[in-house]
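S.K.: Sharing run.tsv, TSV, C-alpha atoms:
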```tsv
chain	number	residue	atom	x	y	z
A	229	MET	CA	0.00	0.00	0.00
A	230	LYS	CA	2.78	2.44	1.01
A	231	THR	CA	4.72	1.52	-2.14
A	232	ASN	CA	1.73	2.35	-4.35
A	233	GLN	CA	1.27	5.73	-2.63
A	234	ILE	CA	4.94	6.57	-3.14
A	235	SER	CA	4.65	5.59	-6.82
A	236	ARG	CA	1.64	7.88	-7.30
A	237	VAL	CA	3.46	10.79	-5.63
A	238	LEU	CA	6.55	10.26	-7.80
A	239	ASN	CA	4.37	10.02	-10.90
A	240	ARG	CA	2.65	13.30	-10.03
A	241	ASN	CA	6.02	14.93	-9.44
A	242	ARG	CA	7.31	13.69	-12.81
A	243	LYS	CA	4.21	15.10	-14.56
A	244	GLY	CA	4.60	18.44	-12.75
A	245	THR	CA	8.25	18.63	-13.67
A	246	LEU	CA	7.48	17.78	-17.31
A	247	PHE	CA	4.73	20.46	-17.42
A	248	PHE	CA	7.05	23.06	-15.86
A	249	CYS	CA	9.84	22.24	-18.35
A	250	THR	CA	7.39	22.45	-21.25
A	251	ILE	CA	6.27	25.93	-20.15
A	252	ILE	CA	9.90	27.07	-19.83
A	253	ILE	CA	10.75	25.75	-23.33
A	254	LEU	CA	7.68	27.39	-24.90
A	255	ALA	CA	8.47	30.67	-23.17
A	256	PHE	CA	12.05	30.46	-24.48
A	257	ILE	CA	10.83	29.84	-28.05
A	258	PHE	CA	8.32	32.69	-27.79
A	259	THR	CA	11.06	35.03	-26.55
A	260	ILE	CA	13.30	34.12	-29.51
A	261	GLN	CA	10.45	34.64	-31.98
A	262	SER	CA	9.52	37.95	-30.35
A	263	CYS	CA	13.11	39.19	-30.51
A	264	GLU	CA	13.27	38.08	-34.14
A	265	LYS	CA	10.10	40.02	-34.95
A	266	GLU	CA	11.31	43.14	-33.16
A	267	THR	CA	14.56	43.04	-35.13
A	268	ILE	CA	12.74	42.69	-38.44
A	269	THR	CA	10.29	45.52	-37.76
A	270	GLU	CA	12.73	47.87	-36.03
A	271	SER	CA	13.00	50.32	-38.92
A	272	LYS	CA	9.21	50.46	-39.33
A	273	ASN	CA	8.70	51.16	-35.63
A	274	GLU	CA	10.83	54.28	-36.02
A	275	VAL	CA	8.27	55.59	-38.50
A	276	ILE	CA	4.94	54.57	-37.00
A	277	GLN	CA	6.06	54.82	-33.33
A	278	LEU	CA	4.00	51.87	-32.15
A	279	ARG	CA	2.07	52.32	-28.94
A	280	THR	CA	-0.03	49.85	-26.97
A	281	SER	CA	-2.59	52.46	-25.90
A	282	LYS	CA	-5.80	52.91	-27.85
A	283	ILE	CA	-6.73	56.21	-29.45
A	284	SER	CA	-10.08	57.69	-30.45
A	285	SER	CA	-10.79	60.49	-32.89
A	286	ILE	CA	-13.10	62.03	-35.45
A	287	GLY	CA	-12.26	62.50	-39.11
A	288	SER	CA	-13.33	63.99	-42.40
A	289	ILE	CA	-13.17	62.99	-46.08
A	290	GLN	CA	-13.29	65.30	-49.07
A	291	SER	CA	-12.81	65.02	-52.81
A	292	THR	CA	-9.87	66.70	-54.54
A	293	THR	CA	-12.37	69.45	-55.44
A	294	ASN	CA	-13.04	69.95	-51.70
A	295	ALA	CA	-16.56	68.49	-51.74
A	296	PRO	CA	-17.56	66.27	-48.75
A	297	ILE	CA	-17.79	62.55	-49.50
A	298	ALA	CA	-20.71	60.73	-47.90
A	299	ASN	CA	-21.04	56.98	-47.33
A	300	ALA	CA	-17.30	56.26	-47.50
A	301	ILE	CA	-16.53	53.05	-45.58
A	302	ILE	CA	-13.60	53.10	-43.14
A	303	LYS	CA	-12.10	49.69	-42.37
A	304	LEU	CA	-9.36	47.97	-40.42
A	305	GLY	CA	-8.64	44.83	-42.40
A	306	THR	CA	-12.07	43.47	-43.29
A	307	GLN	CA	-13.76	45.06	-40.27
A	308	LYS	CA	-15.89	48.15	-40.91
A	309	ILE	CA	-15.31	50.69	-38.14
A	310	ALA	CA	-17.01	53.85	-39.46
A	311	LEU	CA	-19.09	55.42	-42.23
A	312	SER	CA	-18.88	59.05	-43.35
A	313	ASP	CA	-22.02	61.20	-43.10
A	314	GLN	CA	-23.40	63.77	-45.57
A	315	GLN	CA	-20.74	66.29	-44.48
A	316	GLY	CA	-17.99	63.73	-45.01
A	317	ASN	CA	-17.37	63.37	-41.27
A	318	PHE	CA	-16.91	60.12	-39.37
A	319	ILE	CA	-16.30	59.04	-35.79
A	320	LEU	CA	-13.73	56.40	-34.91
A	321	GLY	CA	-14.02	54.24	-31.84
A	322	ASP	CA	-11.07	52.98	-29.83
A	323	ASN	CA	-10.71	49.63	-31.64
A	324	PHE	CA	-7.47	50.52	-33.46
A	325	GLU	CA	-3.90	51.42	-32.58
A	326	VAL	CA	-1.07	53.49	-33.95
A	327	GLY	CA	0.58	51.39	-36.67
A	328	ASP	CA	-2.67	49.91	-38.02
A	329	VAL	CA	-3.55	50.36	-41.69
A	330	MET	CA	-6.83	52.19	-42.28
A	331	THR	CA	-8.70	51.52	-45.53
A	332	ILE	CA	-11.15	54.09	-46.91
A	333	GLU	CA	-13.46	52.84	-49.67
A	334	HIS	CA	-16.11	54.41	-51.88
A	335	PRO	CA	-17.24	52.98	-55.24
A	336	ASP	CA	-16.72	56.33	-56.99
A	337	PHE	CA	-13.27	57.16	-55.58
A	338	VAL	CA	-9.74	55.70	-55.52
A	339	THR	CA	-9.33	53.54	-52.41
A	340	LEU	CA	-6.95	54.83	-49.72
A	341	TYR	CA	-4.64	52.76	-47.50
A	342	LYS	CA	-3.19	54.89	-44.71
A	343	VAL	CA	-0.81	53.87	-41.92
A	344	ILE	CA	-2.00	55.43	-38.66
A	345	LYS	CA	0.83	57.32	-36.98
A	346	GLU	CA	1.00	59.10	-33.66
A	347	ASN	CA	-1.00	62.36	-33.75
A	348	THR	CA	-2.41	61.66	-37.21
A	349	LYS	CA	-5.06	64.17	-38.28
A	350	PHE	CA	-7.84	62.08	-39.82
A	351	PHE	CA	-8.50	64.32	-42.81
A	352	PHE	CA	-8.26	62.66	-46.23
A	353	LEU	CA	-8.63	63.69	-49.86
A	354	MET	CA	-9.93	61.16	-52.38
A	355	LYS	CA	-9.59	61.25	-56.17
A	356	GLU	CA	-12.76	60.56	-58.16
A	357	ARG	CA	-12.47	57.41	-60.27
A	358	ALA	CA	-12.54	57.57	-64.05
A	359	GLN	CA	-15.64	56.39	-65.86
A	360	PRO	CA	-15.64	52.65	-66.68
A	361	ASN	CA	-14.49	51.41	-70.08
A	362	ARG	CA	-16.52	48.39	-71.20
A	363	ILE	CA	-14.42	45.83	-73.07
A	364	ASN	CA	-14.88	42.31	-74.46
A	365	SER	CA	-12.87	39.66	-72.68
A	366	ASP	CA	-11.81	37.94	-75.93
A	367	SER	CA	-10.27	41.04	-77.60
A	368	VAL	CA	-7.19	43.20	-77.18
A	369	SER	CA	-8.23	46.49	-75.54
A	370	VAL	CA	-6.36	49.81	-75.35
A	371	ILE	CA	-7.54	52.38	-72.80
A	372	ASP	CA	-6.29	55.96	-72.50
A	373	VAL	CA	-4.81	57.05	-69.17
A	374	GLY	CA	-4.49	60.70	-68.20
A	375	PRO	CA	-2.94	63.15	-70.69
A	376	GLY	CA	-1.15	60.79	-73.06
A	377	GLY	CA	-0.86	57.47	-71.22
A	378	GLN	CA	-2.37	54.08	-72.02
A	379	ILE	CA	-2.90	50.55	-70.81
A	380	THR	CA	-3.10	47.56	-73.15
A	381	ILE	CA	-5.07	44.49	-72.04
A	382	PRO	CA	-4.53	41.15	-73.81
A	383	PRO	CA	-7.46	38.85	-74.69
A	384	ASN	CA	-8.73	36.22	-72.25
A	385	ALA	CA	-6.80	37.79	-69.39
A	386	PHE	CA	-9.31	37.68	-66.51
A	387	SER	CA	-10.72	35.04	-64.22
A	388	ASN	CA	-13.74	34.91	-61.96
A	389	ASN	CA	-13.03	32.82	-58.86
A	390	GLY	CA	-10.32	30.88	-60.68
A	391	VAL	CA	-12.30	30.28	-63.88
A	392	MET	CA	-11.53	32.17	-67.10
A	393	PHE	CA	-14.16	34.85	-67.58
A	394	ASN	CA	-15.89	35.26	-70.93
A	395	GLY	CA	-18.07	38.31	-71.42
A	396	ALA	CA	-18.17	42.06	-70.94
A	397	ILE	CA	-15.81	43.67	-68.43
A	398	ASP	CA	-15.77	47.16	-66.91
A	399	ILE	CA	-12.23	48.55	-66.57
A	400	ARG	CA	-11.60	51.72	-64.60
A	401	VAL	CA	-8.18	53.34	-64.93
A	402	THR	CA	-7.76	56.45	-62.80
A	403	TYR	CA	-4.62	58.53	-63.20
A	404	ILE	CA	-3.32	60.61	-60.27
A	405	ASP	CA	-1.36	63.65	-61.42
A	406	VAL	CA	1.19	64.27	-58.66
A	407	THR	CA	2.17	67.62	-60.20
A	408	ASP	CA	-1.21	68.85	-58.86
A	409	ASP	CA	-1.06	69.50	-55.09
A	410	SER	CA	-4.59	68.23	-54.38
A	411	GLU	CA	-4.00	65.02	-56.31
A	412	LEU	CA	-0.59	64.66	-54.66
A	413	GLU	CA	-2.43	64.53	-51.32
A	414	SER	CA	-4.99	62.00	-52.64
A	415	ALA	CA	-2.42	59.26	-53.27
A	416	PRO	CA	-3.67	55.74	-52.35
A	417	GLY	CA	-0.76	55.36	-49.91
A	418	THR	CA	1.92	57.56	-48.39
A	419	TYR	CA	5.14	58.32	-50.30
A	420	ILE	CA	7.13	55.60	-48.56
A	421	ALA	CA	8.28	52.26	-49.99
A	422	GLU	CA	9.47	49.05	-48.35
A	423	ASN	CA	12.20	46.78	-49.64
A	424	ASN	CA	11.47	43.32	-51.05
A	425	PHE	CA	11.67	41.80	-47.56
A	426	GLY	CA	9.36	44.41	-46.03
A	427	THR	CA	11.93	45.29	-43.37
A	428	ASN	CA	13.30	48.71	-44.35
A	429	LEU	CA	11.50	51.86	-45.45
A	430	TYR	CA	12.68	54.64	-47.74
A	431	PRO	CA	11.15	57.85	-49.15
A	432	LEU	CA	9.93	58.21	-52.72
A	433	GLU	CA	9.60	60.90	-55.36
A	434	SER	CA	6.60	60.15	-57.55
A	435	TYR	CA	6.17	60.68	-61.30
A	436	GLY	CA	2.53	59.59	-61.39
A	437	MET	CA	0.14	56.98	-60.04
A	438	MET	CA	-2.81	55.04	-61.33
A	439	GLU	CA	-5.48	52.72	-59.97
A	440	VAL	CA	-6.73	49.87	-62.18
A	441	THR	CA	-9.93	47.99	-61.34
A	442	ALA	CA	-11.75	45.22	-63.25
A	443	THR	CA	-15.33	44.09	-62.60
A	444	ILE	CA	-17.98	42.05	-64.36
A	445	ALA	CA	-19.85	44.59	-66.51
A	446	GLY	CA	-22.63	46.36	-64.65
A	447	THR	CA	-21.72	44.84	-61.27
A	448	SER	CA	-19.27	45.35	-58.42
A	449	SER	CA	-17.92	41.77	-58.69
A	450	LEU	CA	-14.13	42.00	-58.95
A	451	LEU	CA	-12.18	40.02	-61.53
A	452	THR	CA	-8.52	39.03	-61.27
A	453	LEU	CA	-5.76	38.56	-63.81
A	454	ILE	CA	-4.99	34.99	-64.83
A	455	ASP	CA	-1.54	33.75	-63.82
A	456	GLY	CA	0.93	34.44	-66.59
A	457	LYS	CA	-1.12	37.32	-68.03
A	458	SER	CA	0.02	40.94	-67.75
A	459	ILE	CA	-1.23	44.39	-68.68
A	460	ARG	CA	1.01	46.84	-70.51
A	461	VAL	CA	0.99	50.22	-68.74
A	462	ALA	CA	2.27	53.59	-69.98
A	463	PHE	CA	2.34	56.46	-67.48
A	464	PRO	CA	2.23	59.89	-69.16
A	465	ILE	CA	5.38	61.96	-68.55
A	466	LEU	CA	4.40	65.38	-67.20
A	467	ASP	CA	7.83	66.44	-65.89
A	468	ASP	CA	10.76	67.29	-68.18
A	469	ASN	CA	13.15	66.06	-65.47
A	470	THR	CA	11.74	62.53	-65.45
A	471	PRO	CA	14.59	59.95	-65.59
A	472	ASP	CA	14.81	57.43	-68.46
A	473	LYS	CA	14.03	54.69	-65.95
A	474	VAL	CA	12.07	54.68	-62.70
A	475	ASN	CA	10.76	51.94	-60.46
A	476	LEU	CA	7.24	50.54	-60.61
A	477	TYR	CA	5.58	49.99	-57.24
A	478	GLU	CA	2.36	48.27	-56.22
A	479	LEU	CA	0.55	49.18	-53.02
A	480	ASN	CA	0.92	46.61	-50.26
A	481	LYS	CA	-2.56	46.67	-48.75
A	482	THR	CA	-1.39	44.95	-45.57
A	483	SER	CA	1.53	47.22	-44.69
A	484	GLY	CA	0.19	50.41	-46.31
A	485	TYR	CA	3.51	51.03	-48.10
A	486	TRP	CA	4.60	50.66	-51.74
A	487	SER	CA	6.36	47.45	-52.79
A	488	PRO	CA	8.69	47.26	-55.83
A	489	VAL	CA	7.34	45.10	-58.68
A	490	GLY	CA	9.30	46.20	-61.77
A	491	VAL	CA	10.91	48.96	-63.81
A	492	LEU	CA	9.38	51.57	-66.12
A	493	THR	CA	11.32	52.80	-69.17
A	494	THR	CA	10.81	56.01	-71.17
A	495	VAL	CA	9.19	55.32	-74.56
A	496	ASN	CA	7.51	58.06	-76.67
A	497	ASN	CA	7.00	60.43	-73.75
A	498	THR	CA	5.59	57.74	-71.49
A	499	LEU	CA	6.98	55.45	-68.79
A	500	GLU	CA	6.24	51.91	-69.93
A	501	GLY	CA	6.17	48.58	-68.12
A	502	THR	CA	3.77	45.81	-67.08
A	503	ILE	CA	1.54	44.94	-64.14
A	504	SER	CA	0.47	41.41	-63.25
A	505	SER	CA	-2.49	42.18	-60.98
A	506	VAL	CA	-5.44	44.58	-60.84
A	507	ASN	CA	-7.75	46.25	-58.31
A	508	ASN	CA	-4.89	48.18	-56.74
A	509	GLY	CA	-2.75	51.30	-56.96
A	510	TYR	CA	0.49	51.57	-58.99
A	511	ASN	CA	3.25	54.14	-58.66
A	512	ALA	CA	5.94	55.41	-61.06
A	513	ASP	CA	8.57	56.39	-58.56
A	514	LYS	CA	12.22	56.56	-57.64
A	515	PRO	CA	13.74	56.67	-54.16
A	516	CYS	CA	14.84	60.18	-53.24
A	517	ALA	CA	17.20	58.58	-50.69
A	518	ASN	CA	18.00	55.21	-49.14
A	519	ARG	CA	16.54	56.21	-45.78
A	520	LEU	CA	13.91	58.44	-44.23
A	521	VAL	CA	14.75	61.58	-42.27
A	522	CYS	CA	12.70	62.69	-39.29
A	523	VAL	CA	12.13	66.40	-38.68
A	524	ARG	CA	10.20	67.96	-35.84
A	525	ILE	CA	8.98	71.46	-35.05
A	526	LYS	CA	7.20	73.00	-32.10
A	527	ILE	CA	3.93	74.67	-33.08
A	528	GLU	CA	2.55	77.70	-31.29
A	529	TYR	CA	-0.63	79.59	-32.21
A	530	THR	CA	-1.22	83.23	-31.25
A	531	ASN	CA	-4.95	82.60	-30.76
A	532	GLY	CA	-5.14	78.97	-29.64
A	533	ASP	CA	-4.75	75.66	-31.47
A	534	PRO	CA	-7.56	75.29	-34.06
A	535	GLY	CA	-6.81	71.55	-34.37
A	536	CYS	CA	-6.69	71.64	-38.16
A	537	GLY	CA	-3.38	69.84	-38.66
A	538	ILE	CA	0.04	70.50	-40.19
A	539	GLY	CA	1.27	68.88	-43.42
A	540	ALA	CA	4.73	68.54	-45.00
A	541	MET	CA	4.85	68.69	-48.81
A	542	GLY	CA	8.03	68.27	-50.83
A	543	LEU	CA	9.09	71.16	-53.06
A	544	SER	CA	12.35	69.72	-54.42
A	545	TYR	CA	10.62	66.33	-54.71
A	546	ARG	CA	6.98	65.22	-55.01
A	547	GLY	CA	5.80	63.67	-51.79
A	548	PHE	CA	3.39	64.29	-48.92
A	549	ASP	CA	3.53	62.84	-45.40
A	550	GLY	CA	-0.06	63.47	-44.28
A	551	LEU	CA	-1.56	65.82	-41.68
A	552	TYR	CA	-0.66	65.83	-37.99
A	553	VAL	CA	-1.71	67.66	-34.85
A	554	PRO	CA	0.82	68.70	-32.17
A	555	ASP	CA	1.50	66.25	-29.35
A	556	LYS	CA	1.08	67.16	-25.67
A	557	ASN	CA	4.37	69.10	-25.81
A	558	GLY	CA	3.37	71.01	-28.93
A	559	TYR	CA	5.60	69.11	-31.41
A	560	VAL	CA	4.76	67.62	-34.78
A	561	ARG	CA	7.04	65.16	-36.58
A	562	PHE	CA	7.36	64.40	-40.28
A	563	TRP	CA	9.30	62.00	-42.49
A	564	VAL	CA	10.90	63.71	-45.48
A	565	CYS	CA	13.67	63.25	-48.03
A	566	PRO	CA	17.14	64.23	-46.77
A	567	ASN	CA	18.83	67.26	-48.38
A	568	SER	CA	15.44	68.39	-49.62
A	569	VAL	CA	13.31	71.53	-49.69
A	570	PHE	CA	9.80	71.12	-48.29
A	571	GLN	CA	6.92	73.26	-47.15
A	572	LEU	CA	4.97	73.04	-43.91
A	573	ARG	CA	1.35	74.14	-44.25
A	574	ALA	CA	-1.14	74.64	-41.43
A	575	CYS	CA	-4.89	74.17	-41.87
A	576	ARG	CA	-4.36	73.62	-45.62
A	577	SER	CA	-4.33	77.41	-45.92
A	578	GLU	CA	-2.70	79.48	-48.68
A	579	LYS	CA	-2.00	82.37	-46.29
A	580	ASP	CA	1.69	83.22	-45.92
A	581	THR	CA	1.50	83.06	-42.13
A	582	TYR	CA	0.23	79.47	-42.40
A	583	ASN	CA	3.12	78.34	-44.62
A	584	ARG	CA	6.85	77.96	-44.04
A	585	VAL	CA	9.60	76.59	-46.28
A	586	PHE	CA	12.64	74.64	-45.02
A	587	ASP	CA	15.84	73.71	-46.86
A	588	LEU	CA	17.72	70.70	-45.47
A	589	SER	CA	20.50	70.79	-48.08
A	590	ASN	CA	23.02	72.16	-45.57
A	591	THR	CA	21.62	70.41	-42.49
A	592	THR	CA	23.50	67.61	-40.77
A	593	THR	CA	21.20	64.73	-39.92
A	594	PRO	CA	21.70	63.61	-36.29
A	595	PRO	CA	21.92	59.82	-35.91
A	596	MET	CA	18.78	58.18	-34.55
A	597	ARG	CA	17.15	61.54	-33.75
A	598	CYS	CA	14.84	64.05	-35.42
A	599	ILE	CA	16.19	67.27	-36.90
A	600	ASP	CA	14.82	69.99	-34.64
A	601	LEU	CA	13.46	72.91	-36.69
A	602	GLY	CA	12.79	75.09	-33.66
A	603	VAL	CA	9.54	76.92	-32.96
A	604	TRP	CA	6.98	78.04	-35.54
A	605	THR	CA	4.52	80.61	-34.27
A	606	ILE	CA	1.43	80.77	-36.47
A	607	ASP	CA	-0.46	84.05	-36.37
A	608	ASN	CA	-4.03	82.84	-36.59
```
Let me see the structure of the file written as C-alpha cells.
M.R.:
Amino acid sequence: MKTNQISRVLNRNRKGTLFFCTIIILAFIFTIQSCEKETITESKNEVIQLRTSKISSIGSIQSTTNAPIANAIIKLGTQKIALSDQQGNFILGDNFEVGDVMTIEHPDFVTLYKVIKENTKFFFLMKERAQPNRINSDSVSVIDVGPGGQITIPPNAFSNNGVMFNGAIDIRVTYIDVTDDSELESAPGTYIAENNFGTNLYPLESYGMMEVTATIAGTSSLLTLIDGKSIRVAFPILDDNTPDKVNLYELNKTSGYWSPVGVLTTVNNTLEGTISSVNNGYNADKPCANRLVCVRIKIEYTNGDPGCGIGAMGLSYRGFDGLYVPDKNGYVRFWVCPNSVFQLRACRSEKDTYNRVFDLSNTTTPPMRCIDLGVWTIDN
C-alpha cells in the first residue's frame, strides 16, 4: 500500500516537472520569436512609433475638389469601423492602434490605405475614379490614361473565382497627377516604400500613379488577372526632369507602403512597363534617398490651437507625409527626403503666415534623432 502511494506521488512529481519544463521551453521559443520580430520591424517602428494604448478620434473625407464625401466606408482589415455622413465626417471608436492600416473605400473614388501614426489628423482627400471602359474579354483592348498614357489588355486575361471569364468587363483606370497639389495629397498610400523583404523603409519621389480595377460589366464583382497574363501600362510623362528609368511599385494593402514590382522605361514620352495584378494602386517612382529623415517642429498659435493639422509637402521632390496635430508638448514630426526643400502648411491654408519653407541641403542629420526645426509661431 505504502509503495503504491509513493509511486503515485513520484508520478505526479514527474508530470509536474514535465509540465514546468514544457512551459519554460515554450516561453524560451516565444522570446526568440519575439526578438526576431522586433529586429525585423525595427525600422518600421521608427516611422509609425507603435504604442499599446488605444486612441479615439473624429475625421473627415473630401474630394480633390473639396466636396464632402458621404457613405465612405472606413475599415481595419475586413472590419468596418465607421461610415462618413453627408458632411464627409466620421467618428472612430477605440478599436485601433497606432501602426494599423486604415482603408477608406467608396465605389466612386480611388481607395486609400493609410498607416496610422502618432498624432495623425484624420483628414483625407480622395480622387474621383474615371468612368468605366466596357471591353470584351476575348479582344485586345487599349484604354487611354491621363494626358497621353495608355494601358493595353490582352485577350482572355481575366478570371472569376479561378475560372476564365468570358463576357463584358468594366475597366476603370484612374490617373493621379502628382504635379497637382490636391491630387498629390490624394495618393492611395503615403510616399514611402518598403524593400522586397518588407523590413526597411525609404522615401519616394513620384512621377505619377494610377489605380486599375476590373469588374464584371454592370456589377461590383471583382475580376482578377490569370496567372501568366500581364497588362502593358504607360504612365504619361508630365515632368521634363523625369529619368529614363524609374521603379514601378504596387501598393501593399497589408503594410500600407509601396512594394517594388518592376521597372518603367521612357518610350515616346511615357513610362512603360507591365503589371500582373489589378484592383490596386500603382506608382511610377524613384527613391529620393536610401533612408527616411525625421524632422520635428514645435507649433505655437497666437490665438489657440484650431486643431486643423500641419502637413509637409516636398518642393524639391513630389511627396506628402499626411496631416498631424501637435502632441502634448506642442511638437509635430514628419518624415521627409534628406537634403530636400519642403513646405509646412497649417490648416491647408494658402496664407503666408500658415506656410513655411525649409531647406535641409546644408543640415546635418543627427543619428537616430529628429532634426529639430525650432519653434513656428502661427499668427491665426
S.K.: Could I get the residues of range 365-443 of chain A with an atom no further than 8 Å from an atom of range 285-295 of chain A, each paired with its nearest atom pair and that distance in Å to one decimal, using only C-alpha atoms, sorted by chain and residue number, as a Markdown table?
M.R.:
```
| residue | atom | partner | partner_atom | distance |
| --- | --- | --- | --- | --- |
| A:Ser410 | CA | A:Thr292 | CA | 5.5 |
| A:Glu411 | CA | A:Thr292 | CA | 6.4 |
| A:Ser414 | CA | A:Thr292 | CA | 7.0 |
```
S.K.: Next, dump the selected residues to file, keeping only C-alpha atoms, as a short mmCIF file (atom, residue, chain, number, x, y, z; two decimals), in the frame of the given file.
M.R.:
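Okay, this is what ended up in part.cif:
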```cif
data_model
loop_
_atom_site.label_atom_id
_atom_site.label_comp_id
_atom_site.auth_asym_id
_atom_site.auth_seq_id
_atom_site.Cartn_x
_atom_site.Cartn_y
_atom_site.Cartn_z
CA SER A 410 -4.59 68.23 -54.38
CA GLU A 411 -4.00 65.02 -56.31
CA SER A 414 -4.99 62.00 -52.64
#
```
S.K.: Skipping near chain neighbours, those fewer than 3 positions away, what residues fall within 10 Å of Ile527 in chain A using all atoms listed in the file, listed as a list in words?
M.R.: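 Near Ile527 in chain A, the qualifying residues are Arg524, Asp533, Ile538, Val553, Pro554, Asp555, Asn557, Gly558, Tyr559, Val560, Ala574, Gly602, Val603, Trp604, Thr605 and Ile606 of chain A.
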S.K.: Could you check which of A:Ser458, A:Gln314, A:Thr306, A:Ser387 is closest to Ile332 in chain A, using only C-alpha atoms?
M.R.: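 Of A:Ser458, A:Gln314, A:Thr306, A:Ser387, the one nearest Ile332 in chain A, counting only C-alpha atoms, is A:Thr306.
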S.K.: Which residues are close to Ser577 in chain A, i.e. within 12 Å by all atoms listed in the file, leaving aside same-chain residues fewer than 2 positions away? Reply as a PyMOL selection string.
M.R.: chain A and resi 536-539+572-575+579-584+606+608
S.K.: Find the residues around range 467-474 of chain A up to 7 Å (all atoms listed in the file counted), leave out those fewer than 4 positions away in its own chain, and share them as a PDB file with C-alpha atoms, in the coordinates of the input.
M.R.:
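around-v5.pdb, freshly written:
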```
ATOM      1  CA  VAL A 491      10.910  48.960 -63.810  1.00  0.00           C
ATOM      2  CA  LEU A 492       9.380  51.570 -66.120  1.00  0.00           C
ATOM      3  CA  THR A 493      11.320  52.800 -69.170  1.00  0.00           C
ATOM      4  CA  THR A 494      10.810  56.010 -71.170  1.00  0.00           C
ATOM      5  CA  ALA A 512       5.940  55.410 -61.060  1.00  0.00           C
ATOM      6  CA  ASP A 513       8.570  56.390 -58.560  1.00  0.00           C
ATOM      7  CA  LYS A 514      12.220  56.560 -57.640  1.00  0.00           C
TER       8      LYS A 514
END
```
S.K.: How about completing range 482-501 of chain A with N, CA and C atoms and giving it to me as a JSON list (two decimals), in the frame of the given file?
M.R.:
```json
[["chain", "number", "residue", "atom", "x", "y", "z"],
["A", 482, "THR", "N", -1.56, 45.37, -46.97],
["A", 482, "THR", "CA", -1.39, 44.95, -45.57],
["A", 482, "THR", "C", -0.52, 45.92, -44.80],
["A", 483, "SER", "N", 0.61, 46.33, -45.40],
["A", 483, "SER", "CA", 1.53, 47.22, -44.69],
["A", 483, "SER", "C", 1.20, 48.69, -44.90],
["A", 484, "GLY", "N", 0.50, 49.02, -46.01],
["A", 484, "GLY", "CA", 0.19, 50.41, -46.31],
["A", 484, "GLY", "C", 1.30, 51.14, -47.04],
["A", 485, "TYR", "N", 2.39, 50.43, -47.38],
["A", 485, "TYR", "CA", 3.51, 51.03, -48.10],
["A", 485, "TYR", "C", 3.62, 50.45, -49.51],
["A", 486, "TRP", "N", 4.40, 51.12, -50.36],
["A", 486, "TRP", "CA", 4.60, 50.66, -51.74],
["A", 486, "TRP", "C", 5.66, 49.58, -51.80],
["A", 487, "SER", "N", 5.42, 48.55, -52.62],
["A", 487, "SER", "CA", 6.36, 47.45, -52.79],
["A", 487, "SER", "C", 6.86, 47.42, -54.23],
["A", 488, "PRO", "N", 8.17, 47.27, -54.47],
["A", 488, "PRO", "CA", 8.69, 47.26, -55.83],
["A", 488, "PRO", "C", 8.25, 46.02, -56.60],
["A", 489, "VAL", "N", 7.79, 46.23, -57.86],
["A", 489, "VAL", "CA", 7.34, 45.10, -58.68],
["A", 489, "VAL", "C", 7.92, 45.14, -60.09],
["A", 490, "GLY", "N", 8.74, 46.15, -60.41],
["A", 490, "GLY", "CA", 9.30, 46.20, -61.77],
["A", 490, "GLY", "C", 9.97, 47.53, -62.06],
["A", 491, "VAL", "N", 10.24, 47.74, -63.34],
["A", 491, "VAL", "CA", 10.91, 48.96, -63.81],
["A", 491, "VAL", "C", 10.11, 49.54, -64.97],
["A", 492, "LEU", "N", 10.03, 50.86, -65.01],
["A", 492, "LEU", "CA", 9.38, 51.57, -66.12],
["A", 492, "LEU", "C", 10.45, 52.28, -66.94],
["A", 493, "THR", "N", 10.32, 52.22, -68.27],
["A", 493, "THR", "CA", 11.32, 52.80, -69.17],
["A", 493, "THR", "C", 10.65, 53.84, -70.06],
["A", 494, "THR", "N", 11.35, 54.95, -70.32],
["A", 494, "THR", "CA", 10.81, 56.01, -71.17],
["A", 494, "THR", "C", 10.69, 55.55, -72.61],
["A", 495, "VAL", "N", 9.47, 55.64, -73.16],
["A", 495, "VAL", "CA", 9.19, 55.32, -74.56],
["A", 495, "VAL", "C", 8.13, 56.31, -75.06],
["A", 496, "ASN", "N", 8.48, 57.13, -76.07],
["A", 496, "ASN", "CA", 7.51, 58.06, -76.67],
["A", 496, "ASN", "C", 6.77, 58.91, -75.63],
["A", 497, "ASN", "N", 7.53, 59.52, -74.76],
["A", 497, "ASN", "CA", 7.00, 60.43, -73.75],
["A", 497, "ASN", "C", 6.07, 59.75, -72.74],
["A", 498, "THR", "N", 6.29, 58.46, -72.54],
["A", 498, "THR", "CA", 5.59, 57.74, -71.49],
["A", 498, "THR", "C", 6.59, 56.86, -70.74],
["A", 499, "LEU", "N", 6.21, 56.43, -69.56],
["A", 499, "LEU", "CA", 6.98, 55.45, -68.79],
["A", 499, "LEU", "C", 6.27, 54.11, -68.91],
["A", 500, "GLU", "N", 6.91, 53.16, -69.58],
["A", 500, "GLU", "CA", 6.24, 51.91, -69.93],
["A", 500, "GLU", "C", 6.76, 50.72, -69.13],
["A", 501, "GLY", "N", 5.84, 49.81, -68.81],
["A", 501, "GLY", "CA", 6.17, 48.58, -68.12],
["A", 501, "GLY", "C", 4.94, 47.69, -68.10]]
```
